[in-house]
Amino acid sequence: NSNWRFDVDDQSVLCALGDIVLNESTAATSYDKVAEYYDVDRDILEAEKKSFVNFREQSKQTITLDSGHSATNVAKYMYANDQHDILCTYYKCACILATIPATSCSAERAFSGLRRLKTYLRNTMGQGRLNNLAILNIERGFTNRVMQEQMDDIINIFRRRRGRKSYFHNSFIA
């Protein structure tokens, strides 16, 4: 029921997820909140958490519970040690916690960039080109990395082409 999902206090569910994934000892209420919100079996989640903690302690491999401990590290550790299939409910909780953004800053920044882009270009381009430029702006970290690593290849593509129309048609698809 979508109405119920939006009525729940999301912050308390997020804190419960953090408690389960990031803390050695987890409050019983955290298991209850996560089990109810994500419709998973509470007892299985608790048992998988205990199994994960026991495995980590017995194998002497460390994920320290200090400032370097994160849901991403837990998920990577589980995947590297083939526990993601065995402890799938706990692994899903770690992945959910790892993918939930802490703030909405990146989304707000993306829309701000789109507004600047649209203001600068006004209505002189089609929707497809605007979408492509918006993606480049939103993913500017990836774009900058590709530009640095593959600048010579990009220049060679433009140098080999004749005519303006053929510049952007499938030239960068690998």
# chains A, B, ... in the order shown; residues from 1 in each chain; ligands from 1
>>> residues_around(residues="Ala80 in chain A", least_positions_apart="5", cutoff="12 Å", atoms="only C-alpha atoms", output="PyMOL selection string")
chain A and resi 61+73-75+85+91
>>> residues_around(residues="range 13-20 of chain A", least_positions_apart="5", cutoff="7 Å", atoms="only C-alpha atoms", output="PDB file with N, CA and C atoms, in the first residue's frame")
ATOM      1  N   THR A  26      22.271  -4.762  18.147  1.00  0.00           N
ATOM      2  CA  THR A  26      21.163  -4.057  17.512  1.00  0.00           C
ATOM      3  C   THR A  26      19.937  -4.114  18.408  1.00  0.00           C
ATOM      4  N   SER A  30      14.696  -2.011  16.117  1.00  0.00           N
ATOM      5  CA  SER A  30      15.250  -1.781  14.778  1.00  0.00           C
ATOM      6  C   SER A  30      14.871  -2.925  13.844  1.00  0.00           C
ATOM      7  N   LYS A  33      11.117  -2.506  12.947  1.00  0.00           N
ATOM      8  CA  LYS A  33      10.825  -1.441  11.976  1.00  0.00           C
ATOM      9  C   LYS A  33      11.222  -1.845  10.569  1.00  0.00           C
ATOM     10  N   VAL A  34      12.433  -2.383  10.425  1.00  0.00           N
ATOM     11  CA  VAL A  34      12.916  -2.760   9.093  1.00  0.00           C
ATOM     12  C   VAL A  34      12.101  -3.917   8.528  1.00  0.00           C
ATOM     13  N   CYS A  93      19.717  -5.421   3.113  1.00  0.00           N
ATOM     14  CA  CYS A  93      19.654  -4.274   4.032  1.00  0.00           C
ATOM     15  C   CYS A  93      20.904  -3.410   3.894  1.00  0.00           C
ATOM     16  N   LEU A  97      20.899   0.481   2.543  1.00  0.00           N
ATOM     17  CA  LEU A  97      21.508   1.558   3.314  1.00  0.00           C
ATOM     18  C   LEU A  97      22.628   2.237   2.531  1.00  0.00           C
TER      19      LEU A  97
END
>>> closest_residue(among="A:Met125, A:Ile157, A:Ala71, A:Met78", to="Ile100 in chain A", atoms="only C-alpha atoms")
A:Ala71
>>> atom_distance(atom1="CA of Phe142 in chain A", atom2="CA of Tyr79 in chain A")
24.8 Å
>>> residues_around(residues="range 48-52 of chain A", least_positions_apart="6", cutoff="8 Å", atoms="only C-alpha atoms", output="list in words")
Ile20, Val21, Leu87, Thr89 and Tyr90 of chain A
>>> write_last_selection(atoms="N, CA, C and O atoms", output="PDB file, in the first residue's frame")
ATOM      1  N   ILE A  20      21.043  -1.795  12.347  1.00  0.00           N
ATOM      2  CA  ILE A  20      21.216  -3.210  12.004  1.00  0.00           C
ATOM      3  C   ILE A  20      22.530  -3.446  11.268  1.00  0.00           C
ATOM      4  O   ILE A  20      23.276  -4.369  11.590  1.00  0.00           O
ATOM      5  N   VAL A  21      22.839  -2.623  10.297  1.00  0.00           N
ATOM      6  CA  VAL A  21      24.003  -2.862   9.445  1.00  0.00           C
ATOM      7  C   VAL A  21      25.306  -2.403  10.093  1.00  0.00           C
ATOM      8  O   VAL A  21      26.338  -3.065   9.951  1.00  0.00           O
ATOM      9  N   LEU A  87      23.403 -14.990   3.110  1.00  0.00           N
ATOM     10  CA  LEU A  87      22.752 -14.042   4.021  1.00  0.00           C
ATOM     11  C   LEU A  87      22.065 -12.948   3.202  1.00  0.00           C
ATOM     12  O   LEU A  87      22.339 -11.755   3.371  1.00  0.00           O
ATOM     13  N   THR A  89      19.045 -11.551   3.039  1.00  0.00           N
ATOM     14  CA  THR A  89      18.226 -10.502   3.655  1.00  0.00           C
ATOM     15  C   THR A  89      19.109  -9.429   4.280  1.00  0.00           C
ATOM     16  O   THR A  89      18.875  -8.233   4.085  1.00  0.00           O
ATOM     17  N   TYR A  90      20.124  -9.850   5.005  1.00  0.00           N
ATOM     18  CA  TYR A  90      21.048  -8.889   5.621  1.00  0.00           C
ATOM     19  C   TYR A  90      21.824  -8.136   4.536  1.00  0.00           C
ATOM     20  O   TYR A  90      22.042  -6.933   4.645  1.00  0.00           O
TER      21      TYR A  90
END
>>> atom_distance(atom1="CA of Ala98 in chain A", atom2="CA of Val53 in chain A")
18.3 Å
>>> closest_residue(among="A:Asp41, A:Pro101, A:Glu24, A:Asn137", to="Asn54 in chain A", atoms="only C-alpha atoms")
A:Glu24
